[in-house]
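Notes to accompany the following structure.
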Amino acid sequence: MIDAIKSPAKNSLAFTHISSLPGEGWAGMYAGESREMLFCFGGVNFPDKLPWEDGKKKWYDEIYMLRKEGHWVKLTEKLPFPLAYGVSVSYKDQIIIIGGSNESAYSAKVLAYSWNGQGLDSTNLPDLPLPIANMAGTLVNNVIIIAGGNNSQTGKATKKCYLLDLENISEGWSQLPSWPGSERLLPMCASHNGKFYLFGGETVRLNTLNKYHRHILDDAYSLIPYKSNGVWTGIWRSVTPMPKGISAAGSPLPVLGSGKIVFWGGVDPLTALYTDPVAHPGISQDLLLYTIDTDSWEYVGKEVGITARVTLPVVCWDNRWIYISGEVKPGVRTNTIYQISEQ
């Protein structure tokens with residue numbers, strides 16, 4: 001159910017609290033809509049102790065469902081194995097779960113779930129060309145596009161982009177040209193008017209002492225996918241860089257009716273410098289808007305009433321953009337769920 005809790009932020013956006021998930025919450029969940037129901041799958045947390053207290057990260061295979069004006073219900077159905085940190089999209093009453101990882105391996109599996117009124121039906125879609133997690137992805141018209149990520153727990157960030165045509169499933173995944181910038185983990189993406197937008201993420205760079213350090217990216221690109229001689233390809237173009245680098249924010253990013261893309265949460269370069277998890281200040285509350293038509297950025301203030309988060313799915317459900325659970329500090333999850341709208 002929707003609670004009468006409004007954000008106090010003095011900006012053009014309003015956050016409204018929705019019924020929280022049971023438990024402490026999860027990072028890296030999958031989420032989507034089927035037959036007007038909202039579903040959440042999998043995820044990770046530290047159920048017993050925090051990581052610096054020798055707590056062990058746990059991956060989940062559980063599935064939760066929310067009816068409109070209802071409460072979350074834990075379903076008897078489960079994922080075939082614990083899973084998190086992949087991509088999920090909603091398409092024609094199907095929720096499609098793509099890749100991800102668990103304690104033992106990365107996944108190339110692509111699973112489609114649909115609500116039949118009594119339970120969830122599941123089918124297998126073509127596997128990814130290789131296991132991928134920590135990527136961005138979304139639906140662009142009738143195709144799924146994913147970008148970035150890595151292929152194993154110790155694997156480097158990749159510079160690969162793939163497409164699955166949901167109207168021609170038998171074709172499987174097609175590799176698209178790579179964007180002009182560097183490889184990246186945990187980028188964010190959006191879809192608008194047939195274009196795929198890719199923002200930020202992170203990689204590693206060498207400093208002047210030839211030592212690697214975490215580097216938060218601020219570059220941004222648009223992609224127009226199209227078929228040429230029966231083969232999927234695309235044209236990348238650079239767009240105006242972000243005012244600051246951001247990685248691991250909720251994705252896909254909300255696109256408002258005004259044609260503005262919302263950025264809230266994520267790791268910025270300053271937050272990335274904190275190495276002591278106990279003293280960590282939390283995630284930046286800054287709210288940024290990217291206006292597609294003018295290729296321009298706007299800072300609209302801080303969302304001080306709600307804890308910002310990282311590594312979470314964002315879903316358009318019932319014409320509302322929904323932020324689901326996520327991580328608010330290293331090892332600390334939240335079970336709260338918010339919708340965002342323009343005031």
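By order of appearance in the structure tokens: chains A, B, ..., then residues from 1 within every chain, and ligands from 1 in the order shown.
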
Could you give me, as a CSV table (one decimal) with all heavy atoms, in the first residue's frame, the residues within 9 Å of range 11-23 of chain A, counting only C-alpha atoms and dropping anything in the same chain fewer than 5 positions from it?
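What follows is the written file result-v4.csv:
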```csv
chain,number,residue,atom,x,y,z
A,1,MET,N,0.8,-1.2,0.0
A,1,MET,CA,0.0,0.0,0.0
A,1,MET,C,0.9,1.2,0.0
A,1,MET,O,2.0,1.2,0.4
A,1,MET,CB,-0.9,0.0,1.2
A,1,MET,CG,-0.2,0.0,2.6
A,1,MET,SD,-1.3,-0.1,4.0
A,1,MET,CE,-2.3,1.3,3.7
A,2,ILE,N,0.3,2.3,-0.5
A,2,ILE,CA,1.1,3.6,-0.5
A,2,ILE,C,0.8,4.4,0.7
A,2,ILE,O,-0.3,4.6,1.1
A,2,ILE,CB,0.7,4.4,-1.8
A,2,ILE,CG1,1.0,3.6,-3.1
A,2,ILE,CG2,1.4,5.8,-1.8
A,2,ILE,CD1,0.5,4.3,-4.3
A,3,ASP,N,1.9,4.8,1.4
A,3,ASP,CA,1.8,5.6,2.6
A,3,ASP,C,1.8,7.0,2.3
A,3,ASP,O,2.4,7.5,1.3
A,3,ASP,CB,2.9,5.2,3.6
A,3,ASP,CG,3.0,3.7,3.9
A,3,ASP,OD1,1.9,3.1,4.0
A,3,ASP,OD2,4.1,3.2,4.2
A,4,ALA,N,1.2,7.8,3.2
A,4,ALA,CA,1.1,9.3,3.0
A,4,ALA,C,2.4,9.9,3.5
A,4,ALA,O,2.4,10.7,4.5
A,4,ALA,CB,-0.1,9.8,3.7
A,5,ILE,N,3.6,9.5,3.0
A,5,ILE,CA,4.9,10.0,3.4
A,5,ILE,C,5.5,10.7,2.2
A,5,ILE,O,5.8,10.0,1.2
A,5,ILE,CB,5.8,8.9,3.9
A,5,ILE,CG1,5.1,8.3,5.1
A,5,ILE,CG2,7.1,9.5,4.3
A,5,ILE,CD1,5.9,7.1,5.6
A,6,LYS,N,5.7,12.0,2.2
A,6,LYS,CA,6.2,12.7,1.1
A,6,LYS,C,7.6,13.2,1.4
A,6,LYS,O,7.9,13.5,2.5
A,6,LYS,CB,5.3,13.9,0.8
A,6,LYS,CG,3.9,13.5,0.3
A,6,LYS,CD,4.0,13.1,-1.2
A,6,LYS,CE,2.6,12.8,-1.7
A,6,LYS,NZ,2.6,12.5,-3.1
A,64,TYR,N,9.1,-12.2,-4.3
A,64,TYR,CA,8.0,-11.5,-3.6
A,64,TYR,C,7.1,-10.8,-4.6
A,64,TYR,O,7.6,-10.4,-5.7
A,64,TYR,CB,8.6,-10.5,-2.6
A,64,TYR,CG,9.4,-11.0,-1.5
A,64,TYR,CD1,10.7,-11.4,-1.6
A,64,TYR,CD2,8.8,-11.3,-0.3
A,64,TYR,CE1,11.4,-11.9,-0.5
A,64,TYR,CE2,9.5,-11.8,0.8
A,64,TYR,CZ,10.8,-12.1,0.6
A,64,TYR,OH,11.5,-12.7,1.7
A,66,LEU,N,3.8,-7.9,-5.0
A,66,LEU,CA,3.0,-6.9,-4.4
A,66,LEU,C,1.8,-6.6,-5.4
A,66,LEU,O,2.0,-6.3,-6.5
A,66,LEU,CB,3.8,-5.6,-4.3
A,66,LEU,CG,3.1,-4.4,-3.7
A,66,LEU,CD1,2.7,-4.6,-2.3
A,66,LEU,CD2,4.0,-3.1,-3.8
A,69,GLU,N,-2.2,-1.5,-3.9
A,69,GLU,CA,-2.9,-1.2,-2.6
A,69,GLU,C,-2.8,-2.4,-1.7
A,69,GLU,O,-3.7,-2.6,-0.8
A,69,GLU,CB,-4.4,-0.8,-2.9
A,69,GLU,CG,-4.6,0.4,-3.8
A,69,GLU,CD,-3.8,1.6,-3.4
A,69,GLU,OE1,-3.7,1.8,-2.2
A,69,GLU,OE2,-3.4,2.4,-4.3
A,70,GLY,N,-1.8,-3.3,-1.9
A,70,GLY,CA,-1.7,-4.4,-1.0
A,70,GLY,C,-0.4,-4.5,-0.3
A,70,GLY,O,0.3,-3.4,-0.1
A,71,HIS,N,0.0,-5.7,0.2
A,71,HIS,CA,1.3,-5.8,0.9
A,71,HIS,C,2.1,-6.9,0.2
A,71,HIS,O,1.5,-7.7,-0.6
A,71,HIS,CB,1.0,-6.3,2.4
A,71,HIS,CG,0.3,-5.2,3.2
A,71,HIS,ND1,0.9,-4.2,3.8
A,71,HIS,CD2,-1.1,-5.1,3.5
A,71,HIS,CE1,0.0,-3.4,4.4
A,71,HIS,NE2,-1.2,-3.9,4.2
A,72,TRP,N,3.4,-6.9,0.5
A,72,TRP,CA,4.2,-7.9,-0.1
A,72,TRP,C,3.9,-9.3,0.4
A,72,TRP,O,3.6,-9.5,1.5
A,72,TRP,CB,5.7,-7.6,0.2
A,72,TRP,CG,6.2,-6.4,-0.6
A,72,TRP,CD1,6.3,-5.1,-0.1
A,72,TRP,CD2,6.6,-6.4,-1.9
A,72,TRP,NE1,6.8,-4.3,-1.1
A,72,TRP,CE2,7.0,-5.1,-2.2
A,72,TRP,CE3,6.8,-7.4,-2.9
A,72,TRP,CZ2,7.5,-4.7,-3.5
A,72,TRP,CZ3,7.2,-7.0,-4.2
A,72,TRP,CH2,7.6,-5.7,-4.4
A,73,VAL,N,3.9,-10.3,-0.6
A,73,VAL,CA,3.7,-11.7,-0.3
A,73,VAL,C,4.9,-12.5,-0.8
A,73,VAL,O,5.3,-12.3,-1.9
A,73,VAL,CB,2.4,-12.2,-0.9
A,73,VAL,CG1,2.2,-13.7,-0.7
A,73,VAL,CG2,1.2,-11.4,-0.4
A,74,LYS,N,5.4,-13.3,0.1
A,74,LYS,CA,6.5,-14.2,-0.4
A,74,LYS,C,5.9,-15.4,-1.1
A,74,LYS,O,5.0,-16.1,-0.5
A,74,LYS,CB,7.3,-14.7,0.8
A,74,LYS,CG,8.5,-15.5,0.4
A,74,LYS,CD,9.3,-15.9,1.7
A,74,LYS,CE,10.5,-16.7,1.4
A,74,LYS,NZ,11.3,-17.0,2.6
A,287,LEU,N,20.3,15.2,-6.4
A,287,LEU,CA,19.4,14.9,-7.4
A,287,LEU,C,19.8,15.7,-8.7
A,287,LEU,O,19.9,16.9,-8.7
A,287,LEU,CB,18.0,15.3,-7.0
A,287,LEU,CG,17.2,14.3,-6.2
A,287,LEU,CD1,16.0,15.0,-5.6
A,287,LEU,CD2,16.8,13.1,-7.0
A,300,VAL,N,19.1,19.8,-9.0
A,300,VAL,CA,17.8,20.3,-8.4
A,300,VAL,C,17.7,20.2,-6.9
A,300,VAL,O,16.7,20.4,-6.3
A,300,VAL,CB,16.6,19.5,-9.0
A,300,VAL,CG1,16.4,19.8,-10.5
A,300,VAL,CG2,16.8,18.0,-8.8
A,301,GLY,N,18.9,19.9,-6.3
A,301,GLY,CA,18.9,19.9,-4.8
A,301,GLY,C,19.3,18.6,-4.2
A,301,GLY,O,19.6,17.6,-4.9
A,302,LYS,N,19.1,18.4,-2.9
A,302,LYS,CA,19.3,17.2,-2.2
A,302,LYS,C,18.0,16.6,-1.7
A,302,LYS,O,17.2,17.3,-1.2
A,302,LYS,CB,20.3,17.4,-1.0
A,302,LYS,CG,21.7,17.8,-1.4
A,302,LYS,CD,22.6,18.0,-0.2
A,302,LYS,CE,24.0,18.4,-0.6
A,302,LYS,NZ,24.7,17.3,-1.3
A,303,GLU,N,17.9,15.3,-1.8
A,303,GLU,CA,16.8,14.6,-1.2
A,303,GLU,C,17.1,14.2,0.2
A,303,GLU,O,17.7,13.1,0.5
A,303,GLU,CB,16.4,13.3,-2.0
A,303,GLU,CG,15.3,12.5,-1.5
A,303,GLU,CD,14.2,13.4,-1.0
A,303,GLU,OE1,13.5,14.0,-1.8
A,303,GLU,OE2,14.0,13.5,0.2
A,306,ILE,N,15.1,11.1,2.6
A,306,ILE,CA,15.1,9.7,2.2
A,306,ILE,C,16.6,9.3,2.0
A,306,ILE,O,17.3,10.0,1.4
A,306,ILE,CB,14.3,9.4,1.0
A,306,ILE,CG1,12.8,9.8,1.2
A,306,ILE,CG2,14.3,7.9,0.6
A,306,ILE,CD1,12.0,9.9,-0.1
A,322,ILE,N,9.5,3.2,-9.8
A,322,ILE,CA,9.7,2.6,-8.4
A,322,ILE,C,11.1,2.3,-8.1
A,322,ILE,O,11.7,1.5,-8.9
A,322,ILE,CB,8.8,1.4,-8.3
A,322,ILE,CG1,7.4,1.6,-8.8
A,322,ILE,CG2,8.8,0.9,-6.8
A,322,ILE,CD1,6.5,2.6,-8.0
A,324,ILE,N,13.5,0.2,-5.7
A,324,ILE,CA,13.3,-1.0,-4.9
A,324,ILE,C,14.5,-1.4,-4.1
A,324,ILE,O,15.6,-1.8,-4.6
A,324,ILE,CB,12.8,-2.2,-5.8
A,324,ILE,CG1,11.5,-1.9,-6.4
A,324,ILE,CG2,12.8,-3.5,-5.0
A,324,ILE,CD1,11.0,-2.9,-7.4
A,325,SER,N,14.4,-1.3,-2.8
A,325,SER,CA,15.4,-1.8,-1.8
A,325,SER,C,16.8,-1.1,-2.1
A,325,SER,O,16.9,0.0,-2.4
A,325,SER,CB,15.4,-3.3,-1.8
A,325,SER,OG,15.9,-3.8,-0.6
A,334,THR,N,18.4,-1.6,2.8
A,334,THR,CA,17.2,-1.0,3.2
A,334,THR,C,16.0,-1.8,2.5
A,334,THR,O,16.2,-2.2,1.4
A,334,THR,CB,17.0,0.5,2.8
A,334,THR,OG1,15.7,1.0,3.2
A,334,THR,CG2,17.2,0.7,1.3
A,335,ASN,N,14.9,-2.0,3.2
A,335,ASN,CA,13.8,-2.6,2.6
A,335,ASN,C,12.7,-1.7,2.1
A,335,ASN,O,11.7,-2.1,1.6
A,335,ASN,CB,13.1,-3.6,3.6
A,335,ASN,CG,12.5,-2.8,4.8
A,335,ASN,OD1,12.7,-1.6,5.0
A,335,ASN,ND2,11.8,-3.6,5.7
A,336,THR,N,13.0,-0.4,2.2
A,336,THR,CA,12.1,0.6,1.8
A,336,THR,C,12.0,0.8,0.2
A,336,THR,O,12.9,0.5,-0.5
A,336,THR,CB,12.4,2.0,2.4
A,336,THR,OG1,13.7,2.4,2.0
A,336,THR,CG2,12.3,2.0,3.9
A,337,ILE,N,10.8,1.1,-0.2
A,337,ILE,CA,10.5,1.3,-1.6
A,337,ILE,C,9.8,2.6,-1.9
A,337,ILE,O,8.9,2.9,-1.1
A,337,ILE,CB,9.7,0.1,-2.2
A,337,ILE,CG1,10.4,-1.2,-2.0
A,337,ILE,CG2,9.3,0.3,-3.6
A,337,ILE,CD1,9.7,-2.4,-2.4
A,338,TYR,N,10.3,3.4,-2.9
A,338,TYR,CA,9.7,4.7,-3.1
A,338,TYR,C,9.4,4.8,-4.6
A,338,TYR,O,10.0,4.3,-5.5
A,338,TYR,CB,10.7,5.8,-2.8
A,338,TYR,CG,10.8,6.0,-1.3
A,338,TYR,CD1,11.8,5.3,-0.5
A,338,TYR,CD2,10.0,6.9,-0.6
A,338,TYR,CE1,11.9,5.5,0.8
A,338,TYR,CE2,10.1,7.1,0.8
A,338,TYR,CZ,11.1,6.4,1.5
A,338,TYR,OH,11.2,6.6,2.8
A,339,GLN,N,8.3,5.6,-4.8
A,339,GLN,CA,8.0,6.0,-6.2
A,339,GLN,C,8.4,7.5,-6.4
A,339,GLN,O,8.4,8.2,-5.4
A,339,GLN,CB,6.5,5.8,-6.5
A,339,GLN,CG,5.6,6.8,-5.8
A,339,GLN,CD,4.2,6.6,-6.3
A,339,GLN,OE1,3.7,5.5,-6.3
A,339,GLN,NE2,3.5,7.7,-6.6
A,340,ILE,N,8.7,7.9,-7.6
A,340,ILE,CA,9.1,9.2,-7.9
A,340,ILE,C,8.2,9.8,-8.9
A,340,ILE,O,7.7,9.1,-9.8
A,340,ILE,CB,10.6,9.3,-8.3
A,340,ILE,CG1,11.1,10.7,-8.4
A,340,ILE,CG2,10.8,8.6,-9.7
A,340,ILE,CD1,12.6,10.8,-8.7
A,341,SER,N,7.9,11.1,-8.7
A,341,SER,CA,7.0,11.8,-9.7
A,341,SER,C,7.4,13.2,-9.8
A,341,SER,O,8.1,13.8,-8.9
A,341,SER,CB,5.6,11.6,-9.3
A,341,SER,OG,5.4,12.2,-8.0
A,342,GLU,N,7.0,13.9,-10.8
A,342,GLU,CA,7.2,15.3,-11.0
A,342,GLU,C,6.1,16.1,-10.2
A,342,GLU,O,4.9,15.7,-10.3
A,342,GLU,CB,7.2,15.7,-12.4
A,342,GLU,CG,8.4,15.2,-13.2
A,342,GLU,CD,8.3,15.7,-14.7
A,342,GLU,OE1,7.6,15.0,-15.4
A,342,GLU,OE2,9.0,16.6,-15.0
A,343,GLN,N,6.5,17.1,-9.5
A,343,GLN,CA,5.5,17.9,-8.8
A,343,GLN,C,4.8,19.0,-9.7
A,343,GLN,O,5.5,19.4,-10.7
A,343,GLN,CB,6.1,18.6,-7.6
A,343,GLN,CG,6.7,17.7,-6.6
A,343,GLN,CD,7.2,18.4,-5.4
A,343,GLN,OE1,6.5,18.5,-4.4
A,343,GLN,NE2,8.4,18.9,-5.4
```

Spatial neighbours of Thr76 in chain A, 9 Å, only C-alpha atoms, chain gap at least 3 places, as a compact mmCIF listing (two decimals) with N, CA, C and O atoms, in the first residue's frame:
```txt
# COMPACT_ATOMS: atom_id res chain seq x y z
N GLU A 62 14.62 -16.15 -3.46
CA GLU A 62 13.22 -15.91 -3.10
C GLU A 62 12.56 -14.92 -4.06
O GLU A 62 13.22 -14.10 -4.70
N ILE A 63 11.23 -15.01 -4.14
CA ILE A 63 10.43 -14.14 -4.99
C ILE A 63 9.29 -13.53 -4.17
O ILE A 63 8.61 -14.25 -3.43
N GLY A 119 -0.06 -18.34 -9.95
CA GLY A 119 1.36 -18.54 -9.68
C GLY A 119 2.18 -18.01 -10.84
O GLY A 119 1.66 -17.44 -11.81
```

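Residue nearest Gly230 in chain A within the list A:Gly148, A:Gly42, A:Asn141, A:Asn168: A:Asn168 [criterion: smallest interatomic distance, only C-alpha atoms].
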
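Near range 25-32 of chain A, within a cut-off of 7 Å and counting only C-alpha atoms, sit the residues Leu21, Leu38, Phe39, Cys40, Phe41, Gly42, Gly43, Val44, Asn45, Ala84, Tyr85, Val87, Ser88, Val89, Ser90, Ile95, Ile97, Thr311, Leu312, Pro313, Val315, Ser325, Gly326, Glu327, Arg333, Thr334 and Asn335 of chain A, with same-chain residues fewer than 4 positions away left out.
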
Counting only C-alpha atoms, the residue of A:Ile235, A:Ala308, A:Met135, A:Val267 that sits nearest Leu217 in chain A: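 Under the stated criterion, the closest residue is A:Val267.
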
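With only C-alpha atoms as the atoms that count, the residue of A:Glu202, A:Glu171, A:Asp286, A:Asp293 with the shortest distance to Gly259 in chain A is A:Asp293.
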
Would you mind listing, for every residue of range 253-279 of chain A within 10 Å of range 191-195 of chain A, the two atoms forming the shortest contact and the distance between them in Å to one decimal, using only C-alpha atoms, sorted by chain and ascending residue number, as a tab-separated table?
```
residue	atom	partner	partner_atom	distance
A:Leu253	CA	A:Ser191	CA	8.3
A:Pro254	CA	A:Ser191	CA	8.9
A:Val255	CA	A:His192	CA	7.4
A:Leu256	CA	A:His192	CA	9.9
A:Gly259	CA	A:His192	CA	8.0
A:Lys260	CA	A:His192	CA	9.8
A:Ile261	CA	A:His192	CA	9.3
```
